[in-house]
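Trainee: This is the structure, below, for whatever I ask next.
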Amino acid sequence: MINDKLPKIWYGGDYNPEQWEADTWAEDDRLFKLAGIDVATINVFSWALSQPSEDEYDFAWLDETIERLHKNGVGICLATSTGAHPAWMAKKYPEVTRVDYNGRKRKFGGRHNSCPNSPVYRKYSARIADKLAERYKDHPALLIWHVSNEYGGYCYCDNCAEAFRVWLRKRYGSIDALNKAWNTRFWGHTFYEWDEIVPPNALSEEWDGNRTNFQGISIDYRRFQSESLLDCYRLEYDAIKKHTPDVPVTTNLMGFYPELDYFEWAKHMDVVSWDNYPSLDTPVSLTAMTHDLMRGLKQGQPFMLMEQTPSQQNWQPYNSLKRPGVMRLWSYQAVARGADTVMFFQLRRSIGACEKYHGAVIEHVGHEHTRVFRESAELGRELRRLGDRLLDSRPNARVALVYDWENRWATDLTSGPTVALKYQNEVHKYYDALFKLGIQADMIGVETDLSGYDIVIAPVLYMVKQGYAKRIEKFVEAGGTFVTTFFSGIVNENDLVTVGGYPGELRKVLGIWAEEIDALFPGATNQVVMNGSNGALNGTYECGLLCDLIHSEGAEVLASYGSDFYKGMPALTVNKFGQGEAWYVATSPDERFMVDFMSKLCADKGIRPLANVPSGVEAAERVKGDKSFLFLLNHNAEDSKVELEPNAGGVDLLTGKEASGTVVVPARGVLIIEREGAVL
Amino acid sequence: MINDKLPKIWYGGDYNPEQWEADTWAEDDRLFKLAGIDVATINVFSWALSQPSEDEYDFAWLDETIERLHKNGVGICLATSTGAHPAWMAKKYPEVTRVDYNGRKRKFGGRHNSCPNSPVYRKYSARIADKLAERYKDHPALLIWHVSNEYGGYCYCDNCAEAFRVWLRKRYGSIDALNKAWNTRFWGHTFYEWDEIVPPNALSEEWDGNRTNFQGISIDYRRFQSESLLDCYRLEYDAIKKHTPDVPVTTNLMGFYPELDYFEWAKHMDVVSWDNYPSLDTPVSLTAMTHDLMRGLKQGQPFMLMEQTPSQQNWQPYNSLKRPGVMRLWSYQAVARGADTVMFFQLRRSIGACEKYHGAVIEHVGHEHTRVFRESAELGRELRRLGDRLLDSRPNARVALVYDWENRWATDLTSGPTVALKYQNEVHKYYDALFKLGIQADMIGVETDLSGYDIVIAPVLYMVKQGYAKRIEKFVEAGGTFVTTFFSGIVNENDLVTVGGYPGELRKVLGIWAEEIDALFPGATNQVVMNGSNGALNGTYECGLLCDLIHSEGAEVLASYGSDFYKGMPALTVNKFGQGEAWYVATSPDERFMVDFMSKLCADKGIRPLANVPSGVEAAERVKGDKSFLFLLNHNAEDSKVELEPNAGGVDLLTGKEASGTVVVPARGVLIIEREGAVL
Amino acid sequence: MINDKLPKIWYGGDYNPEQWEADTWAEDDRLFKLAGIDVATINVFSWALSQPSEDEYDFAWLDETIERLHKNGVGICLATSTGAHPAWMAKKYPEVTRVDYNGRKRKFGGRHNSCPNSPVYRKYSARIADKLAERYKDHPALLIWHVSNEYGGYCYCDNCAEAFRVWLRKRYGSIDALNKAWNTRFWGHTFYEWDEIVPPNALSEEWDGNRTNFQGISIDYRRFQSESLLDCYRLEYDAIKKHTPDVPVTTNLMGFYPELDYFEWAKHMDVVSWDNYPSLDTPVSLTAMTHDLMRGLKQGQPFMLMEQTPSQQNWQPYNSLKRPGVMRLWSYQAVARGADTVMFFQLRRSIGACEKYHGAVIEHVGHEHTRVFRESAELGRELRRLGDRLLDSRPNARVALVYDWENRWATDLTSGPTVALKYQNEVHKYYDALFKLGIQADMIGVETDLSGYDIVIAPVLYMVKQGYAKRIEKFVEAGGTFVTTFFSGIVNENDLVTVGGYPGELRKVLGIWAEEIDALFPGATNQVVMNGSNGALNGTYECGLLCDLIHSEGAEVLASYGSDFYKGMPALTVNKFGQGEAWYVATSPDERFMVDFMSKLCADKGIRPLANVPSGVEAAERVKGDKSFLFLLNHNAEDSKVELEPNAGGVDLLTGKEASGTVVVPARGVLIIEREGAVL
């Protein structure tokens, strides 16, 4: 969809010519050509430059830049520049700067610095978006709009307090309903007037960022701030769409960034884009899962890899270089997972301020004779050769993993039973097992339709929103396999416990009752002891973190705890429900269990791996029409052999060679095997 | 004394029916009966509910609750609800919220949130106490008053600053006297006017909570804030006593909570009550010591166990379940140490806000078919069977350990010689040795009469208050054994050093001079080498933390350091003084030394263990009239054998069986052996 | 120079008689005589005492003190008392207290508490200095002025903001120049008016103390605050000099204290003085390096050891005692490195506030019968015997190590490539190798003349200031050996990258290009593999932290990396340039490399060790006229043998004995061997 004007995998990135003297620009043009750059994201941080005062706008520099790039064959990803307000605005209208979590009024500085409920910020950010759209609406180079930049951070100022009360009034209707939803009779918090409510931060209900006295207000404030920033985005979106209804609009997301509910955001984005910054020690399956989540935000629609570094970052503690080949490998990982662009931050390295040690296609040395440039240019050529083959292809997963931002907020904010619980980690444990098995999964939200899947896994589904339990029941009744874990089904969307026995609304489908929840100290373990053999599952596994003490209420008990006073109580159950089955994993087992468990579930459903991959080799597939593209990505520093499924051979798009049977994927190399029809 | 109306060990706990719909109440009634609940603490956090605005009070819900409980046979521990002020009050009178250590004005939120020197808070908290007392003074269910809740936290607002100056003027009389007491000529701090003095916090003299430039002002501020909160308590106390002079009044304390000087508080409480929240890894001897301290606040008078959890907590990092039997075991530990009530937080689990994962007798499932409920109900029946037998019985200790809050403040605030010194730990090392030996000890304050004891141990008696050295001398002269340690006798109550040689005023009774104090790095050790054998003490022990370099001035040197440049200097001395002796332990020795040392001292005084207890078994005794009750508490997960003293047998109150010679205490079990006369 | 009036190594220290009753003073006099004290630093913190209100001054106590000391033969180091402002001033003029890094307005308390840009503080601090100078200008006891105390800390108040803008306007001339210098087009920070600029702190551009979005403003703010405090010093200096142009003026510095650029400060000081507080675990070579830095501030001019503790400190985590002999040893270490005074904080221990556990010549016991006093008195006698022999002698180093405060700020503030880089550590690695080899080095600044040296080592010369590269080139051309390392030559003084290839302006002299910089995770290593043998350098060494990936552009490659994808790329190069050579150490190698490398370089230049010293023995030399004084300092707890250079014997000044060939330096002992002529 986004690639109509430039029907290939876009290749380029952030470009800030305004930071440079004019004499470098010609050199930029030359080097972009050499590197195969065909898209540049510009104007990301130029608000102060383009609007020198309240009533003055000057886009001459931008006109010139766009013109030059266009002449050089480079398309434009045009940012609206509102990711940081001008200094003059902060001076003239102090309301535009935020009040932070500690209640401190901020002064001018940094970025992510605008209060999302400041009328001044809203007015001027929408206005400059409007002016930009009006000015460049017909420019042939314009490929896409990039609103603001990496939205994030919360504000706790008086404007936000006022807006929060309006938001609450709308959500709850009456103060009584709010009191009930927040359980304010606890600790004598009954409110009588809306303006008694203040934002929850370190001056009121919270401390240490994620600790709170009242989960109700704290979750609502996160919803509210996520929506407030989304409102800012939407104001710009609407201003733009007036002028260019057909040009797609995006804003760059940040993967599992905790503060914004991206499933809500994605509803208002034409295409998802995101910035991928793994560290040397980030598990590759976590990067894969994040790509899949970004793809899942819009139900599989291809996304943009808006930013990655060609070499190194600057803001990590130890900014190691991407080893030779890794930039290419990780670029194809993005493509394999649904990206239709490969873009960098940035094209030329800045020379001052905090990102000058962030890698770029053009390094400080300024010429093309660098390892980084060579690798970039090679990839540019390769992507050009791929043409439009992969565009808009999509995976065809039969397994889905549920991720929900509000559930994350709730589990982060909960007081007890253990500080060691990290929702994302628990989701990743399941994802990682599927990844190791070479089985494709989708990351989905709680609003996503389940009917297309054979298996739906919702680890730590602590918060069960209205109607979701029913949807799960329907899914299982219709033959689906549902999996959830310990500490699920506990609360509703207001973080109020569903009384009558855990796992609350999920109890029926799961056929169990969780009587108690034991928290294990770090290093302490229990065991999951299988009652006989169940496919790949057998013997004894280690587990830890939390142990639910459960009773079967109809579910079959497949494994029991191996020690402690609840030795012999169920640790793994499955409940037949309609045509399907619902699994409960009462604790957090080890990696070996995860792989065996996923293996068994998939085998039961006849879901076969994309390929038989050794450790460190990733398999992913995109399908388009009657063609499928199997990506084999070797993250090892040595060549690896992969056994393809029988009759699953095809042609490697990158080399043009036949690939079937056992193929060798070179160290840090990639195969993209084009096949007729989806194989699985 | 408290149990006149309900002559048994009260059994119940916090109950918040106002958080629930009326339809749960009948079920509460039924379950309370099942569980043997006979007391409920209510109205703890209902200020906002009962006083919806400045001039409006509505106690209908409370009338109804009390009536219902009364009808159900449940007595009332009636809280005054002032532990958290209403939101409307914070809005209307911002002065009621605190200014925190970092100088930040707080907004509405949390609890412990009222400035103790706010005239508004004082007025309205006393007023609601008055109204409650007037309203319920004649209610037959009323057992005791519970003022506010877990007082704590400090405020640094302008009201506090003003009040602090008034307090200082009263304490010191003149600004010159204050300048001298605080040694303000150091760092040019001479004050000329009272209003030049500001509260010591992170904006002025302190940082990191317990670091200060001036110990004088910092200790005084702690005294002042402790007294300010006590004043708030006393205002409510007085308001209540006008109406119900004969109903006891308490407030729930928190063991070694550092911020309040509980010895001062206890003077104004009719009965001490406290909240006991050990973690899975809290040493049982530390819990025992804390019970003993709470008992010691009022010189042995039985106290109330006001709160404990039946199953788990929510606010610890890892909230493990109390293992089967442990709730009962720890309940009896409290009783063994002087509790005449066993009460929980809470009776029914809340469903919203931060304590919803705190255990309760009635769990979220809502019925009685849980392990926790069963254990609770069994204990309820057992306590009922015990009747009034144990009430008001008291221990009969011949050993006392001194603990002083002001000394703790002084040692916490001292700059040098080592950050590793923790006063409570050093006290606990001595307590733990006695505990292991099965020897009963009292925890006493510096105002407690010493004459009843054979041995008084005052570890790290850094601050020696006016007259205390003389009292120690008299105690020793009369034949007592006194023990103190390194870093003792250094300062007076203003934290001014007593010049002329450490240990200052204690030098005479100890017969030594401490010339220097060496601080050891973590992991570094020296040795305590015994000069020959002294009862249980012989050979070489390890020591660390601090090493005083002392000289005998008449004391006998029993051990010397084993290494470093002070090898051969005294490490352990004893000084004959009058009829008694005074010991100085110049360093912090290992556990083995502690046990041998306590063993020797007790043997010298003819103090025999309550029983010969193996590791993990606790012995404690309460005496009443001519009967003694020996508690044997087995904290091990296996049965343990205890050898009773010859002729020390009796009848186990819980089973009715004879117990003599070698008895078996079941795993996590309890024996309460009733005997004629105190045995020791 | 400072010692004209008292021609010997001054011996004394801080003395605060105003903290004591008059009856202790006679005892002070007696004890000072016993200890050989001949100088007392007084009036350090007496502002509030001497100026009780805005218009009132009372120096009677000071008159009396000076008179008494003078009569007792003790000279005066007269402080101006402005290290902490009076409480009345903070109350009357809140502007004098600072606003801290977190934007919090401070109240009265502590020290280092005055805003350096407060007109009130400036006025009254200069005024009291003026009054003191006028009053005591002719007093025969007056030896030196001591302005304020340990200047330090920054302020972020509105007065500072205003002054900062004035400072910036002066530095940059135009807002455009500033925008360019700070690269403000990054993140849309373009300024249009000066008053849009706010101080960079936790409310604007910075966080965590040393993290910033904009290095430009952050480095400038450090420059500005360092200068602001220096201005305060200079106002007092000028006020004093009006009255006593011939009496030297100093202020006590703090070694590597990060916040002030002491090279700038020293320009305005008649003599450098500093406070030396090593911990038990401070490497002795680090203390030596710090002394050398303090000596280097004024190009080798002897300095004052203004403060050290005779026994222990109070503010470290674990304040261990100085072992017997160590106080003397470390005093002579200072003298060996250029100190012409040995002074303590303090002469008598205070009894209240936070420094009461800081050691003193007169301890709390108050008499002379302590180890500390005995050691102090012995040293007093010894220093008296030494007379003026050593005064004004200076070392004669042929090796220089460059240290630059602004470079430290820049490396501390840089975002990437690694948080593990600590500039001072890297400098110390080189110093330590020279120290181990017994080779004397000077610590110099970037303005210091290089022509007197054979070898100049500038580790991590990240910031290359205008003209410095040229000066290095000239130094090398003329035959000098220059050494620098990884992460050098990157930025100019505005922290803007020198484009065109690292190491920027140093590329020519070094003959290499650094293409990339790899950051290693903690614990990760690479190897420096020598290509054949080069003097002491041969075989393989370990390295870590950062690895520059360099290419020779003419330099000889002496060693290569041993692993990773840049295995075989150069790790150590040397470039012939004119008559000299320039070395590049592309990574941070292990200690063994450092010793071998320094050994080789010195051997090449014919620089021989002062003596052949075993581990733990320090050698240093001071030269005066035709005499040299070789100090041998044994930091070991055992006697050590030192082999003197042939014909390098002389007479040990402390024992009067001949010393030649192999000499024994007693455990923690010192030899000062006087020889004719500098030996090396």
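In the structure tokens, the first chain shown is A, the next is B, and so on; residue numbers restart at 1 for each chain, and ligands run from 1 in the order shown.
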For the interface of chain A with chain C (cut-off 9 Å, counting only C-alpha atoms), please tabulate each contacting residue of chain A alongside its nearest pair of atoms and their separation in Å to one decimal, rows sorted by chain and increasing number, as a Markdown table.
Mentor:
| residue | atom | partner | partner_atom | distance |
| --- | --- | --- | --- | --- |
| A:Asn16 | CA | C:Phe186 | CA | 8.2 |
| A:Glu18 | CA | C:Arg185 | CA | 7.0 |
| A:Gln19 | CA | C:Arg185 | CA | 5.6 |
| A:Val44 | CA | C:Trp187 | CA | 8.1 |
| A:Phe45 | CA | C:Gly188 | CA | 4.8 |
| A:Ser46 | CA | C:Gly188 | CA | 5.0 |
| A:Trp47 | CA | C:Gly188 | CA | 6.0 |
| A:Ala48 | CA | C:Gly188 | CA | 5.3 |
| A:Leu49 | CA | C:Thr190 | CA | 6.4 |
| A:Pro52 | CA | C:Tyr192 | CA | 7.3 |
| A:Ser53 | CA | C:Tyr192 | CA | 8.5 |
| A:Ser81 | CA | C:Gly188 | CA | 8.1 |
| A:Gly83 | CA | C:Trp187 | CA | 8.0 |
| A:Ala84 | CA | C:Gly188 | CA | 6.3 |
| A:His85 | CA | C:Gly188 | CA | 7.2 |
| A:Pro86 | CA | C:His189 | CA | 6.4 |
| A:Ala87 | CA | C:Glu196 | CA | 5.8 |
| A:Trp88 | CA | C:Glu196 | CA | 6.0 |
| A:Met89 | CA | C:Glu196 | CA | 9.0 |
| A:Ala90 | CA | C:Glu196 | CA | 7.9 |
| A:Lys91 | CA | C:Glu196 | CA | 5.9 |
| A:Asp100 | CA | C:Leu203 | CA | 8.9 |
| A:Arg104 | CA | C:Leu203 | CA | 7.4 |
| A:Lys105 | CA | C:Leu203 | CA | 7.2 |
| A:Arg106 | CA | C:Leu203 | CA | 4.7 |
| A:Lys107 | CA | C:Ser204 | CA | 5.1 |
| A:Phe108 | CA | C:Ser204 | CA | 5.4 |
| A:Gly109 | CA | C:Ser204 | CA | 4.3 |
| A:Gly110 | CA | C:Glu205 | CA | 5.4 |
| A:Arg111 | CA | C:Trp187 | CA | 6.7 |
| A:Gln312 | CA | C:Pro417 | CA | 8.5 |
| A:Gln313 | CA | C:Gly416 | CA | 7.5 |
| A:Asn314 | CA | C:Gly416 | CA | 4.3 |
| A:Trp315 | CA | C:Ser415 | CA | 6.0 |
| A:Gln316 | CA | C:Gly416 | CA | 7.1 |
| A:Pro317 | CA | C:Val419 | CA | 5.2 |
| A:Tyr318 | CA | C:Thr418 | CA | 4.6 |
| A:Asn319 | CA | C:Pro417 | CA | 5.2 |
| A:Ser320 | CA | C:Ala519 | CA | 4.5 |
| A:Leu321 | CA | C:Asp518 | CA | 5.4 |
| A:Arg323 | CA | C:Phe565 | CA | 7.2 |
| A:Pro324 | CA | C:Phe565 | CA | 7.6 |
| A:Ser350 | CA | C:Phe186 | CA | 8.0 |
| A:Ile351 | CA | C:Val497 | CA | 4.9 |
| A:Gly352 | CA | C:Leu496 | CA | 4.9 |
| A:Ala353 | CA | C:Phe214 | CA | 4.4 |
| A:Cys354 | CA | C:Asn213 | CA | 5.0 |
| A:Glu355 | CA | C:Ser415 | CA | 7.0 |
| A:Lys356 | CA | C:Val497 | CA | 8.0 |
| A:Tyr357 | CA | C:Gly416 | CA | 5.9 |
| A:His358 | CA | C:Gly416 | CA | 7.8 |
| A:Glu363 | CA | C:Gly501 | CA | 8.6 |
| A:His364 | CA | C:Val499 | CA | 5.2 |
| A:Val365 | CA | C:Gly501 | CA | 4.0 |
| A:Gly366 | CA | C:Gly500 | CA | 5.8 |
| A:His367 | CA | C:Gly500 | CA | 8.1 |
| A:Thr370 | CA | C:Glu515 | CA | 7.0 |
| A:Arg371 | CA | C:Glu515 | CA | 8.4 |
Trainee: List the neighbours of Lys627 (chain A) out to 6 Å using only C-alpha atoms; skip same-chain residues closer than 3 positions along the sequence, and give me the result as a list in words.
Mentor: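 Listing them by chain and then by number gives Val623, Lys624, Arg675, Glu676 and Gly677 of chain A.
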Trainee: Can you pull out every residue within 7 Å of Glu618 (chain A), counting only C-alpha atoms, but drop anything in the same chain fewer than 6 positions away, and send it as an NGL selection string?
Mentor: :A and (438 or 632-634)
Trainee: Would you save the residues of that selection, restricted to all heavy atoms, as a PDB file, in the first residue's frame?
Mentor:
ATOM      1  N   GLY A 438      10.984 -23.271  14.845  1.00  0.00           N
ATOM      2  CA  GLY A 438      10.744 -22.859  13.460  1.00  0.00           C
ATOM      3  C   GLY A 438       9.270 -22.738  13.132  1.00  0.00           C
ATOM      4  O   GLY A 438       8.857 -22.897  11.986  1.00  0.00           O
ATOM      5  N   LEU A 632      15.435 -17.914   5.698  1.00  0.00           N
ATOM      6  CA  LEU A 632      16.298 -18.626   6.643  1.00  0.00           C
ATOM      7  C   LEU A 632      17.422 -17.675   7.022  1.00  0.00           C
ATOM      8  O   LEU A 632      18.192 -17.223   6.158  1.00  0.00           O
ATOM      9  CB  LEU A 632      16.844 -19.907   6.018  1.00  0.00           C
ATOM     10  CG  LEU A 632      15.766 -20.948   5.672  1.00  0.00           C
ATOM     11  CD1 LEU A 632      16.382 -22.102   4.882  1.00  0.00           C
ATOM     12  CD2 LEU A 632      15.067 -21.462   6.926  1.00  0.00           C
ATOM     13  N   LEU A 633      17.484 -17.338   8.291  1.00  0.00           N
ATOM     14  CA  LEU A 633      18.431 -16.316   8.768  1.00  0.00           C
ATOM     15  C   LEU A 633      19.379 -16.963   9.759  1.00  0.00           C
ATOM     16  O   LEU A 633      18.950 -17.453  10.804  1.00  0.00           O
ATOM     17  CB  LEU A 633      17.656 -15.181   9.450  1.00  0.00           C
ATOM     18  CG  LEU A 633      16.573 -14.527   8.582  1.00  0.00           C
ATOM     19  CD1 LEU A 633      15.326 -14.221   9.419  1.00  0.00           C
ATOM     20  CD2 LEU A 633      17.102 -13.261   7.930  1.00  0.00           C
ATOM     21  N   ASN A 634      20.634 -16.972   9.409  1.00  0.00           N
ATOM     22  CA  ASN A 634      21.612 -17.637  10.272  1.00  0.00           C
ATOM     23  C   ASN A 634      22.295 -16.627  11.190  1.00  0.00           C
ATOM     24  O   ASN A 634      23.163 -15.870  10.777  1.00  0.00           O
ATOM     25  CB  ASN A 634      22.646 -18.357   9.400  1.00  0.00           C
ATOM     26  CG  ASN A 634      23.634 -19.124  10.248  1.00  0.00           C
ATOM     27  OD1 ASN A 634      23.501 -19.196  11.474  1.00  0.00           O
ATOM     28  ND2 ASN A 634      24.637 -19.702   9.597  1.00  0.00           N
TER      29      ASN A 634
END
Trainee: Measuring atom to atom with only C-alpha atoms, identify which of B:Val595, B:Lys322, B:Val585, B:Gly532 is nearest to Asp281 (chain B).
Mentor: B:Lys322
Trainee: Find the residues near Gly13 (chain A): any atom within 12 Å, counting only C-alpha atoms, skip ones fewer than 6 places away on the same chain, and give them as number ranges by chain.
Mentor: A: 32, 35-44, 74-79, 146, 275, 304-310, 341-349, 360-362, 376
Trainee: List the spatial neighbours of Ala266 (chain C) as a ChimeraX atom specification - criterion: any atom at most 10 Å away, only C-alpha atoms, same-chain residues fewer than 6 positions off excluded.
Mentor: /C:230,250-251,253,272-273,294,296-299
Trainee: Check the DSSP output for the backbone and give back, as a list in words, the residues of region 269-343 of chain C in alpha helix (DSSP H).
Mentor: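 Matching residues, listed in order: Val284, Ser285, Leu286, Thr287, Ala288, Met289, Thr290, His291, Asp292, Leu293, Met294, Arg295, Gly296, Val326, Met327, Arg328, Leu329, Trp330, Ser331, Tyr332, Gln333, Ala334, Val335 and Ala336 of chain C.
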Trainee: Pull N, CA, C and O atoms from the residues just selected and write them as a compact mmCIF listing (two decimals), in the first residue's frame.
Mentor:
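As a result, result-v6.txt now contains:
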# COMPACT_ATOMS: atom_id res chain seq x y z
N VAL C 284 48.73 3.70 46.07
CA VAL C 284 49.69 4.76 46.43
C VAL C 284 50.12 5.54 45.19
O VAL C 284 50.43 6.72 45.28
N SER C 285 50.10 4.89 44.06
CA SER C 285 50.50 5.62 42.86
C SER C 285 49.44 6.64 42.46
O SER C 285 49.74 7.63 41.79
N LEU C 286 48.21 6.44 42.87
CA LEU C 286 47.17 7.42 42.59
C LEU C 286 47.38 8.65 43.47
O LEU C 286 47.23 9.79 43.01
N THR C 287 47.73 8.42 44.73
CA THR C 287 48.06 9.56 45.59
C THR C 287 49.26 10.31 45.02
O THR C 287 49.25 11.55 44.96
N ALA C 288 50.26 9.57 44.60
CA ALA C 288 51.45 10.21 44.03
C ALA C 288 51.07 11.03 42.79
O ALA C 288 51.51 12.18 42.63
N MET C 289 50.24 10.46 41.94
CA MET C 289 49.83 11.17 40.73
C MET C 289 49.08 12.45 41.08
O MET C 289 49.23 13.48 40.41
N THR C 290 48.29 12.38 42.13
CA THR C 290 47.53 13.57 42.52
C THR C 290 48.47 14.65 43.04
O THR C 290 48.33 15.83 42.70
N HIS C 291 49.43 14.27 43.87
CA HIS C 291 50.44 15.25 44.29
C HIS C 291 51.11 15.86 43.06
O HIS C 291 51.29 17.08 42.98
N ASP C 292 51.47 15.03 42.13
CA ASP C 292 52.17 15.54 40.94
C ASP C 292 51.28 16.48 40.14
O ASP C 292 51.75 17.47 39.57
N LEU C 293 49.98 16.17 40.10
CA LEU C 293 49.06 17.07 39.41
C LEU C 293 49.01 18.42 40.12
O LEU C 293 49.05 19.48 39.49
N MET C 294 48.94 18.38 41.45
CA MET C 294 48.87 19.64 42.19
C MET C 294 50.17 20.44 41.97
O MET C 294 50.13 21.66 41.84
N ARG C 295 51.29 19.73 41.89
CA ARG C 295 52.56 20.41 41.63
C ARG C 295 52.56 20.97 40.20
O ARG C 295 53.08 22.07 39.95
N GLY C 296 51.93 20.20 39.30
CA GLY C 296 51.92 20.62 37.90
C GLY C 296 51.05 21.84 37.63
O GLY C 296 51.21 22.52 36.62
N VAL C 326 52.24 5.12 58.94
CA VAL C 326 51.67 5.51 57.65
C VAL C 326 51.47 7.02 57.55
O VAL C 326 51.67 7.62 56.49
N MET C 327 51.09 7.64 58.64
CA MET C 327 50.92 9.10 58.60
C MET C 327 52.25 9.76 58.24
O MET C 327 52.31 10.65 57.39
N ARG C 328 53.32 9.31 58.85
CA ARG C 328 54.65 9.85 58.53
C ARG C 328 55.01 9.54 57.07
O ARG C 328 55.46 10.41 56.32
N LEU C 329 54.78 8.28 56.68
CA LEU C 329 55.12 7.85 55.33
C LEU C 329 54.41 8.70 54.29
O LEU C 329 55.01 9.18 53.32
N TRP C 330 53.09 8.90 54.50
CA TRP C 330 52.33 9.66 53.52
C TRP C 330 52.66 11.16 53.58
O TRP C 330 52.51 11.87 52.60
N SER C 331 53.08 11.63 54.75
CA SER C 331 53.54 13.02 54.84
C SER C 331 54.78 13.20 53.97
O SER C 331 54.91 14.16 53.20
N TYR C 332 55.71 12.25 54.09
CA TYR C 332 56.92 12.35 53.27
C TYR C 332 56.62 12.10 51.79
O TYR C 332 57.32 12.61 50.91
N GLN C 333 55.60 11.30 51.52
CA GLN C 333 55.21 11.15 50.12
C GLN C 333 54.84 12.51 49.54
O GLN C 333 55.23 12.86 48.42
N ALA C 334 54.08 13.29 50.31
CA ALA C 334 53.71 14.63 49.85
C ALA C 334 54.95 15.48 49.64
O ALA C 334 55.11 16.15 48.61
N VAL C 335 55.86 15.44 50.62
CA VAL C 335 57.08 16.24 50.50
C VAL C 335 57.89 15.78 49.29
O VAL C 335 58.38 16.59 48.50
N ALA C 336 58.01 14.47 49.14
CA ALA C 336 58.76 13.93 48.01
C ALA C 336 58.22 14.43 46.68
O ALA C 336 58.95 14.63 45.71
